[in-house]
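Asker: Following this line is input16.cif, made up of mmCIF, C-alpha atoms:
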data_data
loop_
_atom_site.label_atom_id
_atom_site.label_comp_id
_atom_site.auth_asym_id
_atom_site.auth_seq_id
_atom_site.Cartn_x
_atom_site.Cartn_y
_atom_site.Cartn_z
CA MET Y 1 -73.63 29.88 -48.26
CA LYS Y 2 -76.02 32.35 -46.66
CA ASP Y 3 -74.85 31.26 -43.18
CA VAL Y 4 -71.20 31.87 -44.12
CA ILE Y 5 -72.01 35.42 -45.33
CA ASN Y 6 -73.94 36.18 -42.14
CA LYS Y 7 -71.05 34.95 -39.95
CA SER Y 8 -68.56 37.08 -41.93
CA LEU Y 9 -70.71 40.19 -41.54
CA ALA Y 10 -71.03 39.53 -37.82
CA CYS Y 11 -67.22 39.32 -37.51
CA LEU Y 12 -66.81 42.63 -39.35
CA VAL Y 13 -69.31 44.34 -37.05
CA VAL Y 14 -67.43 43.10 -33.96
CA PHE Y 15 -64.10 44.28 -35.44
CA PHE Y 16 -65.39 47.81 -36.17
CA LEU Y 17 -66.94 48.07 -32.70
CA PHE Y 18 -63.54 47.08 -31.20
CA LEU Y 19 -61.78 49.66 -33.39
CA CYS Y 20 -64.11 52.45 -32.32
CA PHE Y 21 -63.71 51.49 -28.67
CA SER Y 22 -59.92 51.47 -28.95
CA LEU Y 23 -59.74 54.90 -30.60
CA THR Y 24 -62.12 56.38 -28.06
CA PHE Y 25 -60.60 55.05 -24.85
CA THR Y 26 -56.98 54.14 -25.62
CA GLY Y 27 -55.93 56.55 -28.33
CA THR Y 28 -53.90 55.38 -31.30
CA VAL Y 29 -53.49 51.61 -31.35
CA ASP Y 30 -50.37 49.97 -32.77
CA TYR Y 31 -52.14 47.08 -34.45
CA LYS Y 32 -48.93 45.77 -36.00
CA SER Y 33 -47.32 45.24 -32.62
CA ARG Y 34 -50.54 43.91 -31.07
CA PHE Y 35 -51.52 41.40 -33.71
CA LEU Y 36 -48.15 40.49 -35.21
CA SER Y 37 -46.71 39.87 -31.76
CA PHE Y 38 -48.22 36.40 -32.01
CA LEU Y 39 -45.99 35.64 -35.01
CA PRO Y 40 -42.31 34.60 -34.74
CA GLN Y 41 -40.10 37.69 -34.79
CA SER Y 42 -36.43 37.79 -35.82
CA SER Y 43 -34.05 39.39 -33.35
CA ASN Y 44 -31.92 42.40 -34.25
CA SER Y 45 -29.44 41.74 -31.45
CA THR Y 46 -25.86 41.75 -32.67
CA PHE Y 47 -25.13 38.30 -31.24
CA CYS Y 48 -28.01 36.72 -33.17
CA ARG Y 49 -27.19 38.03 -36.63
CA THR Y 50 -27.34 34.64 -38.34
CA GLY Y 51 -25.11 34.56 -41.40
CA SER Y 52 -23.54 37.96 -40.71
CA PRO Y 53 -19.83 38.14 -39.90
CA LEU Y 54 -18.74 39.00 -36.39
CA ARG Y 55 -17.65 42.65 -36.43
CA VAL Y 56 -14.17 42.95 -34.91
CA TYR Y 57 -12.23 46.08 -34.07
CA MET Y 58 -8.49 45.32 -33.89
CA TYR Y 59 -6.16 47.46 -31.81
CA ASP Y 60 -3.40 49.04 -33.90
CA LEU Y 61 -0.39 48.11 -31.78
CA PRO Y 62 3.32 48.76 -32.44
CA ARG Y 63 4.97 45.91 -34.31
CA ARG Y 64 7.02 44.79 -31.30
CA PHE Y 65 3.83 43.30 -29.86
CA ASN Y 66 3.23 41.00 -32.82
CA VAL Y 67 4.87 40.69 -36.25
CA GLY Y 68 8.04 42.44 -35.12
CA MET Y 69 8.94 39.14 -33.42
CA ILE Y 70 8.86 37.47 -36.85
CA ASP Y 71 10.30 40.20 -39.05
CA GLY Y 72 12.12 43.14 -37.50
CA SER Y 73 13.03 44.84 -40.77
CA LEU Y 74 10.37 47.57 -40.49
CA PRO Y 75 10.23 50.36 -37.89
CA ASP Y 76 8.27 49.55 -34.75
CA GLU Y 77 5.73 52.29 -35.44
CA SER Y 78 5.10 51.15 -39.03
CA PRO Y 79 1.43 50.08 -39.29
CA VAL Y 80 0.77 46.37 -39.83
CA ARG Y 81 -1.11 45.95 -43.09
CA ALA Y 82 -1.91 43.02 -45.38
CA GLU Y 83 0.81 44.07 -47.81
CA ASN Y 84 3.58 44.03 -45.18
CA PHE Y 85 2.29 41.13 -43.07
CA PRO Y 86 5.15 38.59 -42.92
CA ALA Y 87 4.61 35.01 -44.01
CA TRP Y 88 4.88 32.37 -41.31
CA ARG Y 89 8.24 30.62 -41.43
CA GLU Y 90 7.60 26.91 -41.75
CA ASN Y 91 10.93 26.09 -40.05
CA ASN Y 92 9.85 27.75 -36.81
CA GLY Y 93 9.36 24.35 -35.19
CA LEU Y 94 7.47 24.33 -31.92
CA ARG Y 95 6.64 28.03 -32.22
CA LYS Y 96 4.20 27.01 -34.93
CA GLN Y 97 1.89 24.89 -32.76
CA HIS Y 98 0.81 27.88 -30.65
CA SER Y 99 0.65 30.39 -33.53
CA VAL Y 100 -3.13 30.81 -33.30
CA GLU Y 101 -2.68 34.54 -32.60
CA TYR Y 102 -0.85 34.99 -35.92
CA TRP Y 103 -3.60 33.36 -38.00
CA MET Y 104 -6.38 35.26 -36.22
CA MET Y 105 -4.66 38.57 -36.91
CA ALA Y 106 -4.00 37.59 -40.53
CA SER Y 107 -7.68 36.81 -41.07
CA LEU Y 108 -8.62 40.35 -40.04
CA LEU Y 109 -6.02 41.96 -42.29
CA TYR Y 110 -7.00 40.09 -45.45
CA ASN Y 111 -8.86 42.28 -47.93
CA GLY Y 112 -9.61 39.71 -50.64
CA ASP Y 113 -7.71 38.98 -53.82
CA GLU Y 114 -7.50 41.18 -56.90
CA ASP Y 115 -10.54 39.50 -58.46
CA GLY Y 116 -12.62 40.35 -55.43
CA ASP Y 117 -13.43 36.72 -54.68
CA SER Y 118 -11.41 35.22 -51.85
CA GLY Y 119 -13.73 32.28 -51.31
CA SER Y 120 -13.01 32.64 -47.61
CA SER Y 121 -16.60 33.06 -46.31
CA PRO Y 122 -15.30 34.92 -43.23
CA GLU Y 123 -16.95 34.47 -39.87
CA ALA Y 124 -15.29 37.70 -38.70
CA LEU Y 125 -14.88 41.04 -40.43
CA ARG Y 126 -12.63 43.88 -39.33
CA VAL Y 127 -14.32 47.22 -38.74
CA MET Y 128 -12.37 50.47 -38.43
CA ASP Y 129 -15.07 52.21 -36.38
CA PRO Y 130 -15.03 50.86 -32.80
CA GLU Y 131 -18.65 51.92 -32.34
CA LEU Y 132 -19.65 49.25 -34.86
CA ALA Y 133 -17.69 46.45 -33.19
CA ASP Y 134 -19.13 43.37 -31.52
CA VAL Y 135 -15.74 42.53 -30.00
CA PHE Y 136 -12.24 44.00 -29.74
CA PHE Y 137 -9.22 41.92 -30.77
CA VAL Y 138 -5.89 42.46 -29.01
CA PRO Y 139 -3.11 41.37 -31.44
CA PHE Y 140 -0.44 40.69 -28.85
CA PHE Y 141 1.50 37.54 -29.80
CA SER Y 142 1.82 36.41 -26.18
CA SER Y 143 2.60 32.78 -27.10
CA LEU Y 144 5.33 33.74 -29.57
CA SER Y 145 6.73 36.15 -27.02
CA VAL Y 146 7.23 33.27 -24.58
CA ASN Y 147 9.30 31.39 -27.17
CA VAL Y 148 11.21 34.35 -28.64
CA HIS Y 149 12.15 36.17 -25.46
CA GLY Y 150 14.03 33.54 -23.50
CA ARG Y 151 14.32 29.76 -23.79
CA ASN Y 152 12.98 29.23 -20.28
CA MET Y 153 11.43 31.28 -17.52
CA THR Y 154 14.78 31.85 -15.78
CA ASP Y 155 16.41 33.31 -18.89
CA PRO Y 156 17.15 37.08 -18.46
CA ASP Y 157 15.55 37.69 -21.89
CA THR Y 158 12.16 36.88 -20.38
CA GLU Y 159 12.21 40.40 -18.96
CA ILE Y 160 11.33 41.59 -22.48
CA ASP Y 161 8.24 39.38 -22.45
CA ILE Y 162 7.26 40.65 -19.00
CA LYS Y 163 7.73 44.25 -20.15
CA LEU Y 164 5.47 43.66 -23.16
CA GLN Y 165 2.80 42.18 -20.90
CA HIS Y 166 2.95 45.20 -18.62
CA GLU Y 167 2.73 47.61 -21.56
CA ILE Y 168 -0.31 45.83 -22.99
CA VAL Y 169 -2.13 46.04 -19.67
CA GLU Y 170 -1.41 49.78 -19.52
CA ILE Y 171 -2.62 50.30 -23.10
CA LEU Y 172 -5.84 48.40 -22.45
CA ARG Y 173 -6.62 50.06 -19.14
CA GLY Y 174 -6.18 53.44 -20.81
CA SER Y 175 -8.58 52.55 -23.60
CA GLU Y 176 -12.17 53.82 -23.43
CA HIS Y 177 -13.28 50.63 -25.19
CA TRP Y 178 -11.79 48.56 -22.39
CA GLN Y 179 -13.19 50.80 -19.67
CA ARG Y 180 -16.69 50.61 -21.13
CA SER Y 181 -16.94 46.84 -20.59
CA ALA Y 182 -14.04 46.19 -18.17
CA GLY Y 183 -12.54 44.20 -21.05
CA ARG Y 184 -15.35 41.65 -21.24
CA ASP Y 185 -15.81 42.13 -24.99
CA HIS Y 186 -12.08 41.90 -25.73
CA VAL Y 187 -10.49 38.83 -27.32
CA ILE Y 188 -6.96 37.92 -26.18
CA PRO Y 189 -5.09 34.83 -27.44
CA ILE Y 190 -3.03 33.12 -24.70
CA HIS Y 191 -2.61 29.71 -26.32
CA HIS Y 192 0.78 28.74 -24.88
CA PRO Y 193 0.39 27.55 -21.26
CA ASN Y 194 2.92 30.19 -20.14
CA ALA Y 195 1.59 33.03 -22.32
CA PHE Y 196 0.83 36.30 -20.51
CA ARG Y 197 1.69 34.44 -17.32
CA ILE Y 198 2.69 37.45 -15.18
CA HIS Y 199 -0.21 39.80 -15.88
CA ARG Y 200 -3.01 37.67 -17.33
CA ASP Y 201 -4.99 37.88 -14.09
CA LYS Y 202 -5.37 41.62 -14.80
CA VAL Y 203 -7.18 40.94 -18.07
CA ASN Y 204 -9.08 37.80 -17.09
CA ALA Y 205 -12.52 39.29 -17.75
CA SER Y 206 -11.73 39.07 -21.46
CA ILE Y 207 -12.43 36.21 -23.84
CA PHE Y 208 -9.25 34.14 -23.83
CA ILE Y 209 -8.26 31.92 -26.75
CA VAL Y 210 -6.64 28.93 -25.04
CA ALA Y 211 -5.31 25.44 -25.73
CA ASP Y 212 -6.75 24.09 -22.47
CA PHE Y 213 -7.31 25.16 -18.89
CA GLY Y 214 -4.43 23.25 -17.30
CA ARG Y 215 -2.48 26.20 -15.88
CA ILE Y 216 -5.18 28.86 -15.89
CA MET Y 217 -8.03 27.15 -14.05
CA SER Y 218 -8.18 29.96 -11.47
CA ILE Y 219 -8.71 32.76 -14.02
CA SER Y 220 -10.27 31.05 -17.03
CA GLN Y 221 -13.49 29.18 -17.64
CA LEU Y 222 -15.32 27.44 -20.44
CA ALA Y 223 -18.32 29.75 -20.14
CA LYS Y 224 -16.39 32.77 -21.42
CA ASP Y 225 -13.26 31.42 -23.11
CA VAL Y 226 -12.65 29.62 -26.39
CA VAL Y 227 -10.62 26.42 -26.77
CA ALA Y 228 -8.65 26.54 -30.03
CA PRO Y 229 -6.80 23.66 -31.71
CA TYR Y 230 -3.04 23.59 -31.87
CA VAL Y 231 -1.58 24.23 -35.31
CA HIS Y 232 -0.74 20.71 -36.48
CA MET Y 233 2.93 19.90 -37.05
CA VAL Y 234 2.63 17.03 -39.55
CA GLU Y 235 1.43 17.46 -43.12
CA SER Y 236 -2.25 16.87 -43.80
CA TYR Y 237 -3.07 13.54 -45.44
CA LEU Y 238 -4.74 14.82 -48.61
CA SER Y 239 -4.34 11.63 -50.63
CA ASP Y 240 -5.87 9.22 -48.12
CA ASN Y 241 -7.86 7.29 -50.71
CA LYS Y 242 -6.63 3.70 -50.44
CA GLU Y 243 -9.13 1.02 -51.45
CA ASP Y 244 -9.03 -0.56 -47.99
CA PRO Y 245 -7.60 1.93 -45.45
CA TYR Y 246 -8.23 -0.43 -42.53
CA GLU Y 247 -6.06 -3.22 -43.93
CA SER Y 248 -3.42 -0.79 -45.25
CA ARG Y 249 -2.76 0.54 -41.74
CA LYS Y 250 -0.73 -2.32 -40.26
CA THR Y 251 0.04 -0.84 -36.83
CA LEU Y 252 -2.69 -1.00 -34.21
CA LEU Y 253 -1.53 1.87 -31.97
CA PHE Y 254 1.10 4.56 -32.58
CA PHE Y 255 2.84 7.06 -30.32
CA ARG Y 256 5.95 9.10 -30.94
CA GLY Y 257 7.04 11.97 -28.75
CA ARG Y 258 8.64 12.91 -25.49
CA THR Y 259 7.85 10.37 -22.81
CA VAL Y 260 9.21 12.38 -19.88
CA ARG Y 261 6.83 15.25 -19.15
CA LYS Y 262 5.59 17.20 -16.14
CA GLU Y 263 2.25 17.36 -14.35
CA GLU Y 264 -0.48 15.72 -16.48
CA GLY Y 265 2.16 14.23 -18.79
CA LEU Y 266 3.59 11.92 -16.13
CA VAL Y 267 1.21 9.28 -17.48
CA ARG Y 268 3.40 8.90 -20.59
CA VAL Y 269 6.20 7.08 -18.75
CA LYS Y 270 3.69 4.70 -17.17
CA LEU Y 271 2.06 3.99 -20.53
CA LYS Y 272 5.44 3.22 -22.05
CA ARG Y 273 6.02 0.47 -19.47
CA ILE Y 274 2.65 -1.08 -20.28
CA LEU Y 275 2.62 -0.69 -24.08
CA GLY Y 276 6.25 -0.38 -25.13
CA LYS Y 277 6.99 -4.08 -25.80
CA ASN Y 278 3.72 -5.02 -27.49
CA GLU Y 279 4.18 -6.09 -31.11
CA ASP Y 280 0.98 -4.30 -32.19
CA VAL Y 281 2.21 -1.00 -30.80
CA ILE Y 282 4.85 1.56 -31.79
CA TYR Y 283 5.73 3.61 -28.70
CA GLU Y 284 8.95 5.53 -29.17
CA GLU Y 285 10.79 8.60 -28.03
CA GLY Y 286 10.80 11.48 -30.52
CA SER Y 287 11.88 15.09 -30.81
CA ALA Y 288 10.48 18.16 -32.54
CA SER Y 289 12.74 18.13 -35.60
CA LYS Y 290 12.19 17.95 -39.34
CA GLU Y 291 13.15 14.28 -39.32
CA GLY Y 292 10.98 13.68 -36.29
CA PHE Y 293 7.91 15.16 -37.96
CA ARG Y 294 8.56 13.10 -41.09
CA THR Y 295 8.74 9.90 -39.02
CA SER Y 296 5.57 10.85 -37.13
CA THR Y 297 3.76 11.53 -40.40
CA GLU Y 298 4.63 8.08 -41.75
CA GLY Y 299 3.74 6.40 -38.45
CA MET Y 300 0.34 8.03 -38.11
CA ARG Y 301 -0.63 7.34 -41.71
CA SER Y 302 0.16 3.65 -41.30
CA SER Y 303 -1.66 3.18 -37.97
CA LYS Y 304 -5.29 2.55 -37.13
CA PHE Y 305 -5.15 4.36 -33.78
CA CYS Y 306 -2.93 7.16 -32.50
CA LEU Y 307 -2.33 7.51 -28.78
CA ASN Y 308 -2.80 11.01 -27.37
CA PRO Y 309 -1.86 11.17 -23.69
CA ALA Y 310 -1.72 14.51 -21.89
CA GLY Y 311 1.40 16.65 -22.20
CA ASP Y 312 2.58 19.10 -19.55
CA THR Y 313 -1.05 20.25 -19.61
CA PRO Y 314 -4.19 18.20 -20.38
CA SER Y 315 -3.84 18.68 -24.17
CA SER Y 316 -1.10 18.30 -26.75
CA CYS Y 317 -0.54 19.03 -30.43
CA ARG Y 318 -0.45 15.29 -31.17
CA LEU Y 319 -4.25 15.08 -31.15
CA PHE Y 320 -4.50 17.44 -34.11
CA ASP Y 321 -1.65 15.72 -35.93
CA ALA Y 322 -3.69 12.52 -35.62
CA ILE Y 323 -6.86 14.19 -36.90
CA VAL Y 324 -5.25 15.52 -40.10
CA SER Y 325 -3.58 12.10 -40.56
CA HIS Y 326 -7.01 10.40 -40.27
CA CYS Y 327 -5.63 8.19 -37.51
CA VAL Y 328 -8.37 7.55 -34.94
CA PRO Y 329 -7.29 9.41 -31.76
CA VAL Y 330 -7.08 7.52 -28.50
CA ILE Y 331 -7.29 10.23 -25.86
CA VAL Y 332 -5.95 9.59 -22.36
CA SER Y 333 -6.50 12.78 -20.39
CA ASP Y 334 -8.99 13.29 -17.56
CA LYS Y 335 -9.16 17.09 -17.79
CA ILE Y 336 -8.97 17.79 -21.51
CA GLU Y 337 -11.29 20.31 -23.14
CA LEU Y 338 -11.74 20.19 -26.92
CA PRO Y 339 -12.24 22.82 -29.65
CA TYR Y 340 -15.67 23.50 -31.15
CA GLU Y 341 -17.34 20.92 -28.94
CA SER Y 342 -20.66 22.72 -29.22
CA GLU Y 343 -20.61 21.78 -32.92
CA ILE Y 344 -18.53 18.59 -33.09
CA ASP Y 345 -19.05 15.31 -31.25
CA TYR Y 346 -15.56 13.86 -30.75
CA LYS Y 347 -17.00 10.48 -29.79
CA GLU Y 348 -17.84 10.00 -33.47
CA PHE Y 349 -14.15 9.74 -34.39
CA SER Y 350 -12.18 9.35 -31.14
CA ILE Y 351 -11.76 6.81 -28.34
CA PHE Y 352 -11.53 8.06 -24.74
CA PHE Y 353 -9.91 6.36 -21.74
CA SER Y 354 -9.56 7.66 -18.23
CA VAL Y 355 -6.00 7.60 -16.92
CA LYS Y 356 -7.02 4.93 -14.41
CA ASP Y 357 -8.38 2.61 -17.12
CA ALA Y 358 -5.52 3.26 -19.53
CA LEU Y 359 -3.01 2.11 -16.92
CA LYS Y 360 -4.71 -1.24 -16.38
CA PRO Y 361 -2.50 -3.88 -18.02
CA ASP Y 362 -3.90 -5.01 -21.39
CA TYR Y 363 -7.20 -3.17 -20.86
CA MET Y 364 -6.75 -0.47 -23.48
CA LEU Y 365 -5.28 -2.78 -26.12
CA ASN Y 366 -8.05 -5.33 -25.67
CA GLU Y 367 -10.65 -2.58 -26.08
CA LEU Y 368 -9.02 -1.32 -29.29
CA LYS Y 369 -8.66 -4.82 -30.71
CA GLY Y 370 -12.35 -5.38 -30.03
CA ILE Y 371 -13.45 -2.49 -32.24
CA PRO Y 372 -14.84 -4.00 -35.47
CA LYS Y 373 -13.67 -2.90 -38.89
CA GLU Y 374 -17.05 -1.37 -39.71
CA LYS Y 375 -16.93 0.94 -36.69
CA TRP Y 376 -13.34 1.95 -37.41
CA MET Y 377 -14.19 2.71 -41.03
CA LYS Y 378 -17.05 4.94 -39.89
CA MET Y 379 -14.71 6.84 -37.56
CA TRP Y 380 -12.06 7.14 -40.27
CA SER Y 381 -14.67 8.51 -42.68
CA ARG Y 382 -15.79 11.04 -40.10
CA LEU Y 383 -12.19 12.16 -39.58
CA ARG Y 384 -11.84 12.85 -43.27
CA SER Y 385 -15.02 14.92 -43.26
CA ILE Y 386 -14.07 17.17 -40.31
CA SER Y 387 -10.28 17.54 -40.68
CA HIS Y 388 -10.64 20.83 -42.59
CA HIS Y 389 -11.87 22.42 -39.35
CA PHE Y 390 -8.32 22.05 -38.01
CA GLU Y 391 -6.45 23.77 -40.86
CA TYR Y 392 -4.88 27.18 -40.31
CA GLN Y 393 -4.25 29.05 -43.55
CA TYR Y 394 -4.01 32.46 -45.18
CA PRO Y 395 -6.34 33.53 -46.50
CA ALA Y 396 -8.77 31.72 -44.24
CA LYS Y 397 -11.31 29.42 -45.90
CA LYS Y 398 -14.86 28.45 -45.09
CA GLU Y 399 -15.12 26.60 -41.75
CA ASP Y 400 -11.37 26.24 -41.33
CA ALA Y 401 -9.74 26.63 -37.91
CA VAL Y 402 -9.71 30.43 -37.81
CA ASN Y 403 -13.31 30.78 -38.97
CA MET Y 404 -14.43 28.12 -36.48
CA ILE Y 405 -12.67 30.04 -33.67
CA TRP Y 406 -14.35 33.30 -34.61
CA ARG Y 407 -17.70 31.48 -34.69
CA GLN Y 408 -17.06 30.23 -31.17
CA VAL Y 409 -16.25 33.78 -30.08
CA ARG Y 410 -19.60 34.94 -31.46
CA ASP Y 411 -21.33 32.23 -29.40
CA LYS Y 412 -19.90 33.84 -26.25
CA LEU Y 413 -21.50 37.22 -26.94
CA PRO Y 414 -24.86 36.65 -25.20
CA ALA Y 415 -23.06 35.94 -21.92
CA VAL Y 416 -20.71 38.88 -22.51
CA ASN Y 417 -23.59 41.26 -23.11
CA LEU Y 418 -25.42 39.97 -20.05
CA ALA Y 419 -22.36 40.60 -17.87
CA VAL Y 420 -21.77 44.08 -19.34
CA HIS Y 421 -25.38 45.18 -19.00
CA ARG Y 422 -25.69 43.88 -15.42
CA SER Y 423 -22.44 45.54 -14.37
CA ARG Y 424 -23.72 48.92 -15.56
CA ARG Y 425 -26.80 48.91 -13.33
CA LEU Y 426 -25.88 46.80 -10.30
CA LYS Y 427 -25.00 48.72 -7.15
CA VAL Y 428 -23.90 45.57 -5.37
CA PRO Y 429 -21.93 43.45 -7.90
CA ASP Y 430 -22.90 39.78 -7.97
CA TRP Y 431 -25.07 40.09 -4.88
CA TRP Y 432 -26.60 36.67 -5.54
CA ARG Y 433 -23.28 34.92 -4.74
CA ARG Y 434 -23.23 36.29 -1.24
#
Go ahead and render the structure in this file as C-alpha cells.
Answerer:
Amino acid sequence: MKDVINKSLACLVVFFLFLCFSLTFTGTVDYKSRFLSFLPQSSNSTFCRTGSPLRVYMYDLPRRFNVGMIDGSLPDESPVRAENFPAWRENNGLRKQHSVEYWMMASLLYNGDEDGDSGSSPEALRVMDPELADVFFVPFFSSLSVNVHGRNMTDPDTEIDIKLQHEIVEILRGSEHWQRSAGRDHVIPIHHPNAFRIHRDKVNASIFIVADFGRIMSISQLAKDVVAPYVHMVESYLSDNKEDPYESRKTLLFFRGRTVRKEEGLVRVKLKRILGKNEDVIYEEGSASKEGFRTSTEGMRSSKFCLNPAGDTPSSCRLFDAIVSHCVPVIVSDKIELPYESEIDYKEFSIFFSVKDALKPDYMLNELKGIPKEKWMKMWSRLRSISHHFEYQYPAKKEDAVNMIWRQVRDKLPAVNLAVHRSRRLKVPDWWRR
C-alpha cells in the first residue's frame, strides 16, 4: 500500500513540474485539446450529421416548370404550396414511371398532419434560408416535360420543352447559390432518358437523379449522381402470405412487355426466339394500358422468376414491378446500375445473367431450374423485407423510395464539398490530370 502511495505522489510531482514548465515557456496551454485529442471526436461537418435530416433549399419556380404541367388551373406565378399541390393522376400511364421529380418536390412541401405526427421520419428537410442549406433542389419536372410537350422529339410541341430547359439554365446561372459552387451542390432530377436533353451538359456539375447512365454516359457518373428506382406500374403485393409461395407460383419465368426496342433492348427479340415456346415460360407482347398492367400483375404474382431485360436503356420499370410483386428478378443487362446499391445487395434477391450467357440456348432456364426451393424462399423473403424501399408516396414514410434517394444525395456531399473547396483555391483546375 505504501508503494502505491509513493508512486502516486511521484506522478503528481511530475505533473506539476510539467504544468509549471508549460506556463513558463509556452504560455496558456489548451489541455482539453491536448489530452482529449487522443479520444474519438465526433465531426461537426454537415455531411456527417448522423440522424439529422439533409437541409434542402428548394428554388421557388413558376408553376410552368413543374405542377403547371399537371394542373393548369392556377396562375403561373402562384406559389406552389402543400395546400395547392396537385395529386398525382393515377391514369397518367407511362408518365408515372419517371415521376421521381414530383415525389421529391412533394416531400419537401409536406409540413406534417394536423396532429403534428406524420410518421414520415424525413431524410430531407426544407429550409427557407439558403445559407443553412446543404444542397439546393431544382424542381423542374424535366421528365414530365418530355412527355407533355410533344409525343416524340420531332413534334413541334417539343419547342416548349426546349424553351423551359433554356429558361432554367438562365435562372440557375443568374443565381448566387449556383455561382458559389458552379452548381455542384444542386440536385436536378433527369430520370427520363430524354429529360433535359438539349441543355443538360450546361448543368452537368450538379447531382443528377437518374434511372441509369445509358444516354448520359458522357456527362454523368456514379461518383456524383444518384440512381433512383422507377415508380412501379403494377400494384404492390401486400397480401403475399400464402402457406407455400413457391408451390403456388406455377410459372417458372414470366415476361410481358414490348419485345421490339432500340439499343440495349434489342436483346428482347432474341430472348423471345429462345424462350417463347418453352412450356415453363410466359413470354408475351404487352402494352402500357390498364388491362396490360392488370395482366402483368397477375403474371408476376403467379411466377417464381420475372425476366428483366434491358429496355431502350440498360434499365426498365419492369424490375421494380417484379420487386413489389415479390417475383425474383432475373436481370439481363450488362450496363445496368441499381438504386441504393451502397446499402442493398441485389444478389440476395436477384439473379444476374450477362447478355452473352442469356442468349445461350437452354442455359438460363437450366440455371433457374437448378435453384433449390430453399434458396428461392430465402430470396422471396428478402424481397418482402426490402420492397418498401421502392414505394413512392405522399407523405413520404420512413425508408421509402423518396427518403432513400435523399439519403443517397447526402452520401454524395463529401465529394461535393471536396470539389467546391478545391475549385475555390486552385489556380490551375485539375492540374493532376494533365
Asker: Since I can't run it myself right now, could you work out what the PyMOL selection byres ((chain Y and resi 278) around 12) selects here and report it as JSON, numbers by chain?
Answerer: {"Y": [251, 252, 253, 254, 271, 272, 273, 274, 275, 276, 277, 279, 280, 281, 282, 283, 284, 361, 362, 365, 366]}
Asker: Given the file shown, enumerate the residues that the PyMOL selection byres ((chain Y and resi 409-418) around 8) captures and present them as a PyMOL selection string.
Answerer: chain Y and resi 47+54+184-185+207+223-226+405-408+419-422
Asker: Please provide as number ranges by chain all residues within 8 Å of stretch 122-139 of chain Y, with the sequence filter that same-chain residues fewer than 4 positions apart are discarded (counting all atoms listed in the file).
Answerer: Y: 46-47, 52-59, 61, 65-66, 101, 105, 108-109, 177, 185-189, 396-398, 403-404, 406-407
Asker: To one decimal place, how far is atom CA of Y:Arg256 from atom CA of Y:Asp357 in Å?
Answerer: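 Computed distance, atom CA of Y:Arg256 to atom CA of Y:Asp357, equals 20.9 Å.
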Asker: Between atom CA of Y:Pro62 and atom CA of Y:Phe140, what is the spacing in Å?
Answerer: 9.6 Å
Asker: Measure the distance from atom CA of Y:Phe320 to atom CA of Y:Val148 in Å and round it to one decimal.
Answerer: 23.7 Å
Asker: May I have the residues within 12 Å of Y:Val330 as a VMD selection string, using only C-alpha atoms and disregarding those fewer than 5 positions away in the same chain?
Answerer: chain Y and resid 252 to 255 303 to 310 318 to 320 322 to 323 346 to 347 349 to 355 358 364 to 365 367 to 368 379
Asker: Take the residues from that selection and write them out as a PDB file, in the coordinates of the input, keeping C-alpha atoms.
Answerer:
ATOM      1  CA  LEU Y 252      -2.690  -1.000 -34.210  1.00  0.00           C
ATOM      2  CA  LEU Y 253      -1.530   1.870 -31.970  1.00  0.00           C
ATOM      3  CA  PHE Y 254       1.100   4.560 -32.580  1.00  0.00           C
ATOM      4  CA  PHE Y 255       2.840   7.060 -30.320  1.00  0.00           C
ATOM      5  CA  SER Y 303      -1.660   3.180 -37.970  1.00  0.00           C
ATOM      6  CA  LYS Y 304      -5.290   2.550 -37.130  1.00  0.00           C
ATOM      7  CA  PHE Y 305      -5.150   4.360 -33.780  1.00  0.00           C
ATOM      8  CA  CYS Y 306      -2.930   7.160 -32.500  1.00  0.00           C
ATOM      9  CA  LEU Y 307      -2.330   7.510 -28.780  1.00  0.00           C
ATOM     10  CA  ASN Y 308      -2.800  11.010 -27.370  1.00  0.00           C
ATOM     11  CA  PRO Y 309      -1.860  11.170 -23.690  1.00  0.00           C
ATOM     12  CA  ALA Y 310      -1.720  14.510 -21.890  1.00  0.00           C
ATOM     13  CA  ARG Y 318      -0.450  15.290 -31.170  1.00  0.00           C
ATOM     14  CA  LEU Y 319      -4.250  15.080 -31.150  1.00  0.00           C
ATOM     15  CA  PHE Y 320      -4.500  17.440 -34.110  1.00  0.00           C
ATOM     16  CA  ALA Y 322      -3.690  12.520 -35.620  1.00  0.00           C
ATOM     17  CA  ILE Y 323      -6.860  14.190 -36.900  1.00  0.00           C
ATOM     18  CA  TYR Y 346     -15.560  13.860 -30.750  1.00  0.00           C
ATOM     19  CA  LYS Y 347     -17.000  10.480 -29.790  1.00  0.00           C
ATOM     20  CA  PHE Y 349     -14.150   9.740 -34.390  1.00  0.00           C
ATOM     21  CA  SER Y 350     -12.180   9.350 -31.140  1.00  0.00           C
ATOM     22  CA  ILE Y 351     -11.760   6.810 -28.340  1.00  0.00           C
ATOM     23  CA  PHE Y 352     -11.530   8.060 -24.740  1.00  0.00           C
ATOM     24  CA  PHE Y 353      -9.910   6.360 -21.740  1.00  0.00           C
ATOM     25  CA  SER Y 354      -9.560   7.660 -18.230  1.00  0.00           C
ATOM     26  CA  VAL Y 355      -6.000   7.600 -16.920  1.00  0.00           C
ATOM     27  CA  ALA Y 358      -5.520   3.260 -19.530  1.00  0.00           C
ATOM     28  CA  MET Y 364      -6.750  -0.470 -23.480  1.00  0.00           C
ATOM     29  CA  LEU Y 365      -5.280  -2.780 -26.120  1.00  0.00           C
ATOM     30  CA  GLU Y 367     -10.650  -2.580 -26.080  1.00  0.00           C
ATOM     31  CA  LEU Y 368      -9.020  -1.320 -29.290  1.00  0.00           C
ATOM     32  CA  MET Y 379     -14.710   6.840 -37.560  1.00  0.00           C
TER      33      MET Y 379
END
Asker: Which residue, Y:Asn111, Y:Thr259, Y:Ser145, Y:Ser423, has the smallest gap to Y:Ser181 when you use all atoms listed in the file?
Answerer: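 Smallest distance to Y:Ser181 is found for Y:Ser423.
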Asker: List as a Markdown table every residue of stretch 124-195 of chain Y that is in contact with stretch 68-85 of chain Y, defined as an atom at most 12 Å from one of its atoms (using all atoms listed in the file), together with the nearest atom pair and the distance in Å rounded to one decimal, sorted by chain and then rising number.
Answerer:
| residue | atom | partner | partner_atom | distance |
| --- | --- | --- | --- | --- |
| Y:Pro139 | CA | Y:Val80 | CA | 10.5 |
| Y:Phe140 | CA | Y:Met69 | CA | 10.5 |
| Y:Phe141 | CA | Y:Met69 | CA | 8.4 |
| Y:Ser142 | CA | Y:Met69 | CA | 10.5 |
| Y:Ser143 | CA | Y:Met69 | CA | 11.0 |
| Y:Leu144 | CA | Y:Met69 | CA | 7.6 |
| Y:Ser145 | CA | Y:Met69 | CA | 7.4 |
| Y:Val146 | CA | Y:Met69 | CA | 10.7 |
| Y:Asn147 | CA | Y:Met69 | CA | 10.0 |
| Y:Val148 | CA | Y:Met69 | CA | 7.1 |
| Y:His149 | CA | Y:Met69 | CA | 9.1 |
| Y:Ile160 | CA | Y:Met69 | CA | 11.5 |
| Y:Asp161 | CA | Y:Met69 | CA | 11.0 |
| Y:Leu164 | CA | Y:Met69 | CA | 11.7 |
